[in-house]
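Coordinates as given in final.pdb (PDB, C-alpha atoms, pLDDT in the B column):
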```pdb
ATOM      1  CA  MET A  11       0.000   0.000   0.000  1.00 68.00           C
ATOM      2  CA  GLU A  12       1.434   3.370  -1.073  1.00 82.00           C
ATOM      3  CA  ILE A  13       1.758   6.292   1.363  1.00 89.00           C
ATOM      4  CA  ALA A  14      -0.820   8.298  -0.603  1.00 88.00           C
ATOM      5  CA  GLU A  15      -3.302   5.425  -0.273  1.00 88.00           C
ATOM      6  CA  ILE A  16      -2.706   5.243   3.494  1.00 90.00           C
ATOM      7  CA  LYS A  17      -3.420   8.950   3.821  1.00 88.00           C
ATOM      8  CA  ARG A  18      -6.553   8.544   1.713  1.00 85.00           C
ATOM      9  CA  GLN A  19      -7.964   5.679   3.777  1.00 87.00           C
ATOM     10  CA  LEU A  20      -6.879   6.620   7.311  1.00 89.00           C
ATOM     11  CA  THR A  21      -8.391   9.795   8.751  1.00 88.00           C
ATOM     12  CA  LEU A  22      -6.915  11.880  11.523  1.00 89.00           C
ATOM     13  CA  SER A  23     -10.144  11.371  13.456  1.00 86.00           C
ATOM     14  CA  GLN A  24      -9.586   7.601  13.432  1.00 87.00           C
ATOM     15  CA  VAL A  25      -6.006   8.025  14.658  1.00 91.00           C
ATOM     16  CA  LEU A  26      -7.072  10.307  17.525  1.00 90.00           C
ATOM     17  CA  VAL A  27      -9.818   7.892  18.562  1.00 86.00           C
ATOM     18  CA  HIS A  28      -7.292   5.037  18.547  1.00 89.00           C
ATOM     19  CA  TYR A  29      -5.130   6.932  21.047  1.00 91.00           C
ATOM     20  CA  GLY A  30      -8.086   8.082  23.162  1.00 89.00           C
ATOM     21  CA  LEU A  31      -7.591  11.747  22.261  1.00 90.00           C
ATOM     22  CA  LYS A  32     -10.524  14.126  21.856  1.00 87.00           C
ATOM     23  CA  PRO A  33     -10.096  17.758  20.749  1.00 87.00           C
ATOM     24  CA  ASP A  34     -12.024  20.517  22.522  1.00 86.00           C
ATOM     25  CA  LYS A  35     -14.711  22.634  20.844  1.00 81.00           C
ATOM     26  CA  HIS A  36     -11.973  24.712  19.213  1.00 85.00           C
ATOM     27  CA  LEU A  37     -10.356  21.545  17.806  1.00 88.00           C
ATOM     28  CA  ARG A  38      -7.352  21.874  20.118  1.00 91.00           C
ATOM     29  CA  LEU A  39      -5.545  19.211  22.136  1.00 92.00           C
ATOM     30  CA  HIS A  40      -2.997  19.116  24.890  1.00 95.00           C
ATOM     31  CA  CYS A  41      -0.063  18.142  22.702  1.00 95.00           C
ATOM     32  CA  PRO A  42       0.947  14.531  23.415  1.00 94.00           C
ATOM     33  CA  PHE A  43       4.505  15.196  22.289  1.00 95.00           C
ATOM     34  CA  HIS A  44       5.578  17.523  25.138  1.00 94.00           C
ATOM     35  CA  GLU A  45       4.470  18.866  28.531  1.00 93.00           C
ATOM     36  CA  ASP A  46       1.504  21.032  27.654  1.00 93.00           C
ATOM     37  CA  ASN A  47      -0.451  22.992  30.271  1.00 92.00           C
ATOM     38  CA  THR A  48      -2.716  24.679  27.733  1.00 92.00           C
ATOM     39  CA  PRO A  49      -3.866  23.034  24.493  1.00 94.00           C
ATOM     40  CA  SER A  50      -1.347  23.958  21.815  1.00 95.00           C
ATOM     41  CA  LEU A  51      -1.992  21.279  19.179  1.00 95.00           C
ATOM     42  CA  GLN A  52      -4.496  22.453  16.561  1.00 94.00           C
ATOM     43  CA  VAL A  53      -6.406  19.777  14.647  1.00 91.00           C
ATOM     44  CA  TYR A  54      -7.464  20.291  11.024  1.00 89.00           C
ATOM     45  CA  TYR A  55      -9.986  17.613  10.097  1.00 83.00           C
ATOM     46  CA  LYS A  56     -10.444  18.936   6.575  1.00 81.00           C
ATOM     47  CA  THR A  57      -6.820  18.209   5.636  1.00 87.00           C
ATOM     48  CA  HIS A  58      -6.291  15.403   8.199  1.00 90.00           C
ATOM     49  CA  THR A  59      -3.301  17.238   9.657  1.00 93.00           C
ATOM     50  CA  CYS A  60      -2.391  18.921  12.945  1.00 95.00           C
ATOM     51  CA  TYR A  61       0.111  21.536  14.096  1.00 96.00           C
ATOM     52  CA  CYS A  62       1.647  22.303  17.489  1.00 95.00           C
ATOM     53  CA  PHE A  63       2.101  26.013  18.125  1.00 95.00           C
ATOM     54  CA  SER A  64       4.356  25.538  21.157  1.00 94.00           C
ATOM     55  CA  SER A  65       8.049  26.293  20.686  1.00 93.00           C
ATOM     56  CA  ASN A  66       8.719  23.612  23.318  1.00 92.00           C
ATOM     57  CA  CYS A  67       7.493  20.869  20.998  1.00 94.00           C
ATOM     58  CA  LYS A  68       9.924  18.836  18.922  1.00 93.00           C
ATOM     59  CA  THR A  69       7.406  18.985  16.051  1.00 92.00           C
ATOM     60  CA  HIS A  70       7.021  22.789  16.208  1.00 87.00           C
ATOM     61  CA  GLY A  71       7.079  24.358  12.773  1.00 88.00           C
ATOM     62  CA  LYS A  72       5.991  21.205  10.955  1.00 92.00           C
ATOM     63  CA  PRO A  73       2.421  20.161  10.142  1.00 94.00           C
ATOM     64  CA  LEU A  74       1.816  16.489  10.915  1.00 95.00           C
ATOM     65  CA  ASP A  75      -0.153  14.057   8.789  1.00 95.00           C
ATOM     66  CA  VAL A  76      -1.508  10.748  10.110  1.00 95.00           C
ATOM     67  CA  ILE A  77       1.801   8.922   9.555  1.00 95.00           C
ATOM     68  CA  ASP A  78       3.813  11.660  11.287  1.00 96.00           C
ATOM     69  CA  PHE A  79       1.396  11.654  14.214  1.00 96.00           C
ATOM     70  CA  VAL A  80       1.702   7.884  14.703  1.00 95.00           C
ATOM     71  CA  MET A  81       5.491   8.064  14.340  1.00 95.00           C
ATOM     72  CA  HIS A  82       5.859  10.694  17.080  1.00 95.00           C
ATOM     73  CA  LYS A  83       3.195   9.128  19.314  1.00 93.00           C
ATOM     74  CA  GLU A  84       4.775   5.676  19.125  1.00 92.00           C
ATOM     75  CA  GLY A  85       8.364   6.944  19.086  1.00 92.00           C
ATOM     76  CA  THR A  86       9.155   4.783  16.075  1.00 92.00           C
ATOM     77  CA  THR A  87      10.753   5.145  12.668  1.00 94.00           C
ATOM     78  CA  LYS A  88       8.659   6.304   9.718  1.00 93.00           C
ATOM     79  CA  ARG A  89       8.659   2.785   8.283  1.00 93.00           C
ATOM     80  CA  GLU A  90       7.306   1.380  11.538  1.00 94.00           C
ATOM     81  CA  ALA A  91       4.697   4.158  11.632  1.00 94.00           C
ATOM     82  CA  ILE A  92       3.592   3.229   8.109  1.00 94.00           C
ATOM     83  CA  LEU A  93       3.166  -0.401   9.177  1.00 92.00           C
ATOM     84  CA  LYS A  94       1.152   0.742  12.214  1.00 93.00           C
ATOM     85  CA  CYS A  95      -1.085   2.875   9.986  1.00 92.00           C
ATOM     86  CA  LYS A  96      -1.676  -0.098   7.696  1.00 91.00           C
ATOM     87  CA  ALA A  97      -2.714  -2.118  10.733  1.00 89.00           C
ATOM     88  CA  LEU A  98      -5.111   0.663  11.792  1.00 88.00           C
ATOM     89  CA  ILE A  99      -6.638   0.682   8.320  1.00 85.00           C
ATOM     90  CA  GLY A 100      -7.067  -3.073   8.572  1.00 75.00           C
ATOM     91  CA  GLY A 101      -8.958  -2.596  11.824  1.00 60.00           C
ATOM     92  CA  VAL A 102     -11.132   0.087  10.313  1.00 51.00           C
ATOM     93  CA  SER A 103     -11.876  -2.016   7.233  1.00 42.00           C
ATOM     94  CA  ALA A 104     -12.763  -5.071   9.301  1.00 40.00           C
ATOM     95  CA  ALA A 105     -16.182  -3.684  10.186  1.00 41.00           C
ATOM     96  CA  VAL A 106     -19.143  -5.730   9.029  1.00 42.00           C
ATOM     97  CA  PRO A 107     -20.464  -4.171   5.787  1.00 47.00           C
ATOM     98  CA  LEU A 108     -23.969  -2.772   5.780  1.00 46.00           C
ATOM     99  CA  PRO A 109     -26.542  -4.824   3.895  1.00 53.00           C
ATOM    100  CA  PRO A 110     -27.496  -3.474   0.469  1.00 58.00           C
ATOM    101  CA  VAL A 111     -30.426  -1.073   0.306  1.00 64.00           C
ATOM    102  CA  ASP A 112     -33.300  -1.047  -2.131  1.00 81.00           C
ATOM    103  CA  ARG A 113     -33.842   2.316  -3.863  1.00 87.00           C
ATOM    104  CA  SER A 114     -37.642   2.155  -3.865  1.00 87.00           C
ATOM    105  CA  ASP A 115     -37.671   1.151  -0.192  1.00 87.00           C
ATOM    106  CA  ILE A 116     -35.424   4.067   0.796  1.00 89.00           C
ATOM    107  CA  LEU A 117     -37.524   6.535  -1.219  1.00 93.00           C
ATOM    108  CA  ARG A 118     -40.733   5.214   0.330  1.00 89.00           C
ATOM    109  CA  GLN A 119     -39.292   5.337   3.852  1.00 87.00           C
ATOM    110  CA  MET A 120     -37.898   8.841   3.417  1.00 91.00           C
ATOM    111  CA  PHE A 121     -41.081  10.249   1.889  1.00 92.00           C
ATOM    112  CA  ILE A 122     -43.023   9.000   4.927  1.00 89.00           C
ATOM    113  CA  TYR A 123     -40.515  10.906   7.056  1.00 88.00           C
ATOM    114  CA  PHE A 124     -40.902  14.044   4.891  1.00 92.00           C
ATOM    115  CA  ARG A 125     -44.719  13.892   5.060  1.00 92.00           C
ATOM    116  CA  ASN A 126     -44.668  13.475   8.834  1.00 89.00           C
ATOM    117  CA  ALA A 127     -42.479  16.582   9.110  1.00 90.00           C
ATOM    118  CA  VAL A 128     -45.146  18.908   7.680  1.00 93.00           C
ATOM    119  CA  PRO A 129     -47.500  18.930  10.742  1.00 91.00           C
ATOM    120  CA  ASN A 130     -44.489  19.648  12.968  1.00 87.00           C
ATOM    121  CA  SER A 131     -43.196  22.606  10.976  1.00 91.00           C
ATOM    122  CA  LYS A 132     -45.011  25.942  11.051  1.00 92.00           C
ATOM    123  CA  PRO A 133     -42.764  27.439   8.312  1.00 91.00           C
ATOM    124  CA  ALA A 134     -43.562  24.495   6.028  1.00 93.00           C
ATOM    125  CA  GLN A 135     -47.294  24.789   6.707  1.00 94.00           C
ATOM    126  CA  ASP A 136     -47.254  28.548   6.080  1.00 94.00           C
ATOM    127  CA  TYR A 137     -45.365  28.107   2.828  1.00 94.00           C
ATOM    128  CA  ILE A 138     -47.701  25.366   1.579  1.00 95.00           C
ATOM    129  CA  VAL A 139     -50.738  27.538   2.296  1.00 95.00           C
ATOM    130  CA  SER A 140     -49.084  30.539   0.610  1.00 93.00           C
ATOM    131  CA  ARG A 141     -48.754  28.462  -2.561  1.00 92.00           C
ATOM    132  CA  GLY A 142     -52.460  27.612  -2.513  1.00 94.00           C
ATOM    133  CA  LEU A 143     -51.866  23.942  -1.712  1.00 93.00           C
ATOM    134  CA  ASP A 144     -53.678  21.658   0.713  1.00 91.00           C
ATOM    135  CA  ALA A 145     -51.416  19.184   2.491  1.00 87.00           C
ATOM    136  CA  THR A 146     -54.438  17.242   3.776  1.00 85.00           C
ATOM    137  CA  ARG A 147     -55.410  16.350   0.198  1.00 87.00           C
ATOM    138  CA  LEU A 148     -52.058  16.273  -1.602  1.00 90.00           C
ATOM    139  CA  GLU A 149     -48.951  14.215  -0.947  1.00 91.00           C
ATOM    140  CA  ILE A 150     -46.578  16.940   0.267  1.00 95.00           C
ATOM    141  CA  GLY A 151     -43.521  16.479   2.466  1.00 95.00           C
ATOM    142  CA  TYR A 152     -40.959  18.801   4.015  1.00 96.00           C
ATOM    143  CA  ASN A 153     -37.224  18.210   4.334  1.00 94.00           C
ATOM    144  CA  THR A 154     -35.771  19.551   7.596  1.00 90.00           C
ATOM    145  CA  SER A 155     -32.561  17.578   6.866  1.00 86.00           C
ATOM    146  CA  GLN A 156     -32.352  16.354  10.462  1.00 81.00           C
ATOM    147  CA  PHE A 157     -32.932  12.657   9.803  1.00 76.00           C
ATOM    148  CA  HIS A 158     -29.221  11.782   9.920  1.00 73.00           C
ATOM    149  CA  HIS A 159     -28.486  13.520  13.248  1.00 67.00           C
ATOM    150  CA  GLY A 160     -28.580  12.475  16.909  1.00 55.00           C
ATOM    151  CA  ALA A 161     -31.014   9.763  17.951  1.00 47.00           C
ATOM    152  CA  ARG A 162     -32.328   9.629  14.376  1.00 49.00           C
ATOM    153  CA  ARG A 163     -28.954   8.451  13.082  1.00 56.00           C
ATOM    154  CA  ASP A 164     -29.223   5.065  11.397  1.00 64.00           C
ATOM    155  CA  GLU A 165     -26.134   3.936   9.465  1.00 69.00           C
ATOM    156  CA  ARG A 166     -28.091   1.725   7.082  1.00 74.00           C
ATOM    157  CA  LEU A 167     -30.520   4.551   6.328  1.00 78.00           C
ATOM    158  CA  ILE A 168     -27.632   6.980   5.845  1.00 81.00           C
ATOM    159  CA  SER A 169     -25.989   4.547   3.432  1.00 81.00           C
ATOM    160  CA  GLY A 170     -29.249   4.291   1.513  1.00 85.00           C
ATOM    161  CA  CYS A 171     -29.701   8.066   1.418  1.00 89.00           C
ATOM    162  CA  VAL A 172     -26.190   8.468   0.035  1.00 89.00           C
ATOM    163  CA  SER A 173     -26.916   5.872  -2.666  1.00 88.00           C
ATOM    164  CA  VAL A 174     -30.105   7.644  -3.860  1.00 91.00           C
ATOM    165  CA  GLY A 175     -28.653  11.153  -3.555  1.00 92.00           C
ATOM    166  CA  LEU A 176     -30.437  12.489  -0.454  1.00 93.00           C
ATOM    167  CA  LEU A 177     -27.077  12.828   1.318  1.00 90.00           C
ATOM    168  CA  ALA A 178     -23.564  13.484   0.028  1.00 89.00           C
ATOM    169  CA  PRO A 179     -20.345  12.926   2.031  1.00 85.00           C
ATOM    170  CA  TRP A 180     -19.077  16.389   2.961  1.00 82.00           C
ATOM    171  CA  GLY A 181     -15.810  16.522   4.893  1.00 75.00           C
ATOM    172  CA  THR A 182     -15.480  15.657   8.566  1.00 70.00           C
ATOM    173  CA  LYS A 183     -17.535  16.684  11.576  1.00 67.00           C
ATOM    174  CA  ARG A 184     -15.895  18.881  14.210  1.00 65.00           C
ATOM    175  CA  GLU A 185     -15.939  16.051  16.709  1.00 60.00           C
ATOM    176  CA  GLY A 186     -14.687  13.604  14.088  1.00 62.00           C
ATOM    177  CA  GLY A 187     -16.430  11.157  11.791  1.00 66.00           C
ATOM    178  CA  GLN A 188     -18.059  11.582   8.396  1.00 74.00           C
ATOM    179  CA  ALA A 189     -20.196  14.670   7.789  1.00 81.00           C
ATOM    180  CA  TYR A 190     -22.925  14.858   5.150  1.00 86.00           C
ATOM    181  CA  LYS A 191     -24.513  17.559   3.015  1.00 89.00           C
ATOM    182  CA  PRO A 192     -28.286  17.041   2.663  1.00 92.00           C
ATOM    183  CA  PHE A 193     -30.073  17.398  -0.655  1.00 93.00           C
ATOM    184  CA  GLY A 194     -33.083  19.718  -0.828  1.00 92.00           C
ATOM    185  CA  LYS A 195     -32.759  21.265   2.642  1.00 92.00           C
ATOM    186  CA  TYR A 196     -35.795  23.338   3.686  1.00 93.00           C
ATOM    187  CA  CYS A 197     -37.730  22.244   0.608  1.00 95.00           C
ATOM    188  CA  ILE A 198     -41.251  20.934   0.282  1.00 95.00           C
ATOM    189  CA  VAL A 199     -41.152  17.526  -1.364  1.00 96.00           C
ATOM    190  CA  PHE A 200     -43.370  15.791  -3.913  1.00 96.00           C
ATOM    191  CA  ALA A 201     -43.096  12.076  -4.707  1.00 95.00           C
ATOM    192  CA  LEU A 202     -42.877  10.971  -8.321  1.00 95.00           C
ATOM    193  CA  ARG A 203     -44.409   7.555  -8.981  1.00 93.00           C
ATOM    194  CA  ASP A 204     -43.993   4.935 -11.673  1.00 92.00           C
ATOM    195  CA  SER A 205     -46.726   3.140 -13.605  1.00 90.00           C
ATOM    196  CA  VAL A 206     -47.477   0.781 -10.707  1.00 91.00           C
ATOM    197  CA  GLY A 207     -47.597   3.531  -8.097  1.00 90.00           C
ATOM    198  CA  GLN A 208     -44.193   3.032  -6.467  1.00 91.00           C
ATOM    199  CA  ILE A 209     -42.110   6.106  -5.592  1.00 93.00           C
ATOM    200  CA  SER A 210     -39.399   6.323  -8.247  1.00 93.00           C
ATOM    201  CA  GLY A 211     -38.157   9.897  -7.777  1.00 94.00           C
ATOM    202  CA  MET A 212     -38.675  13.156  -5.877  1.00 96.00           C
ATOM    203  CA  TYR A 213     -39.109  16.825  -6.705  1.00 95.00           C
ATOM    204  CA  PHE A 214     -38.047  19.515  -4.215  1.00 96.00           C
ATOM    205  CA  ARG A 215     -39.108  23.170  -4.127  1.00 94.00           C
ATOM    206  CA  SER A 216     -37.209  25.589  -1.881  1.00 93.00           C
ATOM    207  CA  THR A 217     -39.257  27.422   0.768  1.00 92.00           C
ATOM    208  CA  ILE A 218     -36.534  30.008   1.451  1.00 88.00           C
ATOM    209  CA  ASN A 219     -35.241  30.969  -1.995  1.00 74.00           C
ATOM    210  CA  ASP A 220     -37.478  32.671  -4.534  1.00 67.00           C
ATOM    211  CA  GLN A 221     -34.677  34.150  -6.611  1.00 73.00           C
ATOM    212  CA  ASP A 222     -32.677  31.196  -7.922  1.00 71.00           C
ATOM    213  CA  GLN A 223     -31.943  27.571  -7.134  1.00 70.00           C
ATOM    214  CA  ARG A 224     -35.615  26.991  -6.363  1.00 87.00           C
ATOM    215  CA  HIS A 225     -36.236  23.650  -8.038  1.00 90.00           C
ATOM    216  CA  TYR A 226     -34.422  20.368  -7.445  1.00 92.00           C
ATOM    217  CA  TYR A 227     -34.909  16.855  -8.786  1.00 94.00           C
ATOM    218  CA  LEU A 228     -33.366  13.833  -7.106  1.00 93.00           C
ATOM    219  CA  LYS A 229     -30.781  12.065  -9.298  1.00 89.00           C
ATOM    220  CA  ASP A 230     -31.925   9.191 -11.523  1.00 88.00           C
ATOM    221  CA  ARG A 231     -35.499  10.445 -11.276  1.00 84.00           C
ATOM    222  CA  ARG A 232     -38.294   8.634 -13.019  1.00 87.00           C
ATOM    223  CA  GLY A 233     -42.074   8.762 -12.886  1.00 89.00           C
ATOM    224  CA  LEU A 234     -44.696  11.517 -12.622  1.00 90.00           C
ATOM    225  CA  TYR A 235     -46.461  13.397  -9.888  1.00 86.00           C
ATOM    226  CA  PRO A 236     -49.871  11.645  -9.568  1.00 79.00           C
ATOM    227  CA  GLY A 237     -52.168  14.629  -9.678  1.00 68.00           C
TER     228      GLY A 237
END
```

What do you get writing this file as structure tokens?
Amino acid sequence: MEIAEIKRQLTLSQVLVHYGLKPDKHLRLHCPFHEDNTPSLQVYYKTHTCYCFSSNCKTHGKPLDVIDFVMHKEGTTKREAILKCKALIGGVSAAVPLPPVDRSDILRQMFIYFRNAVPNSKPAQDYIVSRGLDATRLEIGYNTSQFHHGARRDERLISGCVSVGLLAPWGTKREGGQAYKPFGKYCIVFALRDSVGQISGMYFRSTINDQDQRHYYLKDRRGLYPG
């Protein structure tokens, strides 16, 4: 495995978790490479690097990637650090893969979620009424884009939403781990159905933007709005 491939597969978040290190809300750590009374190691999740601003640190002046971090933390040679990183990747990759998801099932499940969001959202209700629509008669949903957060987080559902285009991987969360960009945030949602009535696509209309970027169709859309 080449060094570039190691850096692509192994995130800084995974390395920090392995060593039991957790940055504060400013993404700073007490540097593990020297005596550090105040957090002087800054973490950059976007680039998977870190930098110690203390002149007392042996790494001062040099940004550290995942291999450098392991090398200094373990006190080993770079070759040994590379082998350790490969082992960490092996541990990360050993997770049981999620079962495959069915597109129509994910679309059906998510549209139920979108429809249930309308009665709980006053802005969505106001917007629907302002457009002369009746959510009690029509199939209208609303996307708050909160379904992949907190207690709602379901890895299989997230995987399915990524596959159909409702979520896109988008960098790393502040606390570590994969972040996602939702599709059609703050939009009312209409289901598109195929000839047998199954949901085969979705149309989104922004409730907060009347100037541009108002209309969105989910990728690989098929079908028509039944009404």

Report task. Pull out every residue that the PyMOL selection byres ((chain A and resi 91) around 10) matches in the shown coordinates and put them as a ChimeraX atom specification. Result -> /A:76-90,92-97

Written as a short mmCIF file (atom, residue, chain, number, x, y, z; two decimals) with C-alpha atoms, in the frame of the given file, what is the full residue list that the PyMOL selection byres ((chain A and resi 36) around 9) yields on the file shown?
```
data_model
loop_
_atom_site.label_atom_id
_atom_site.label_comp_id
_atom_site.auth_asym_id
_atom_site.auth_seq_id
_atom_site.Cartn_x
_atom_site.Cartn_y
_atom_site.Cartn_z
CA PRO A 33 -10.10 17.76 20.75
CA ASP A 34 -12.02 20.52 22.52
CA LYS A 35 -14.71 22.63 20.84
CA LEU A 37 -10.36 21.54 17.81
CA ARG A 38 -7.35 21.87 20.12
CA LEU A 39 -5.54 19.21 22.14
CA GLN A 52 -4.50 22.45 16.56
CA VAL A 53 -6.41 19.78 14.65
CA ARG A 184 -15.90 18.88 14.21
#
```

Query raised in the report: Quick one: distance from CA of Gly170 in chain A to CA of Gln208 in chain A in Å, one decimal?
Result: 17.0 Å

Query - Closest of A:Val139, A:Leu22, A:Leu234, A:Ile150 to Thr182 in chain A - atom-to-atom distances counting only C-alpha atoms - result: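 Comparing A:Val139, A:Leu22, A:Leu234, A:Ile150 against Thr182 in chain A, the winner is A:Leu22.
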
**Report entry** Residue with smallest distance to Ser131 in chain A - pool A:Ser114, A:Thr154, A:Ser169, A:Ser210, counting only C-alpha atoms
**Finding:** A:Thr154

Report summary line: Computed gap from CA of Ile198 in chain A to CA of His225 in chain A is 10.1 Å

Closest contacts (range 112-137 of chain A/range 214-220 of chain A, max 10 Å, all atoms listed in the file) as JSON lines:
```
{"residue": "A:Pro133", "atom": "CA", "partner": "A:Thr217", "partner_atom": "CA", "distance": 8.3}
{"residue": "A:Ala134", "atom": "CA", "partner": "A:Thr217", "partner_atom": "CA", "distance": 7.4}
{"residue": "A:Asp136", "atom": "CA", "partner": "A:Thr217", "partner_atom": "CA", "distance": 9.7}
{"residue": "A:Tyr137", "atom": "CA", "partner": "A:Thr217", "partner_atom": "CA", "distance": 6.5}
```
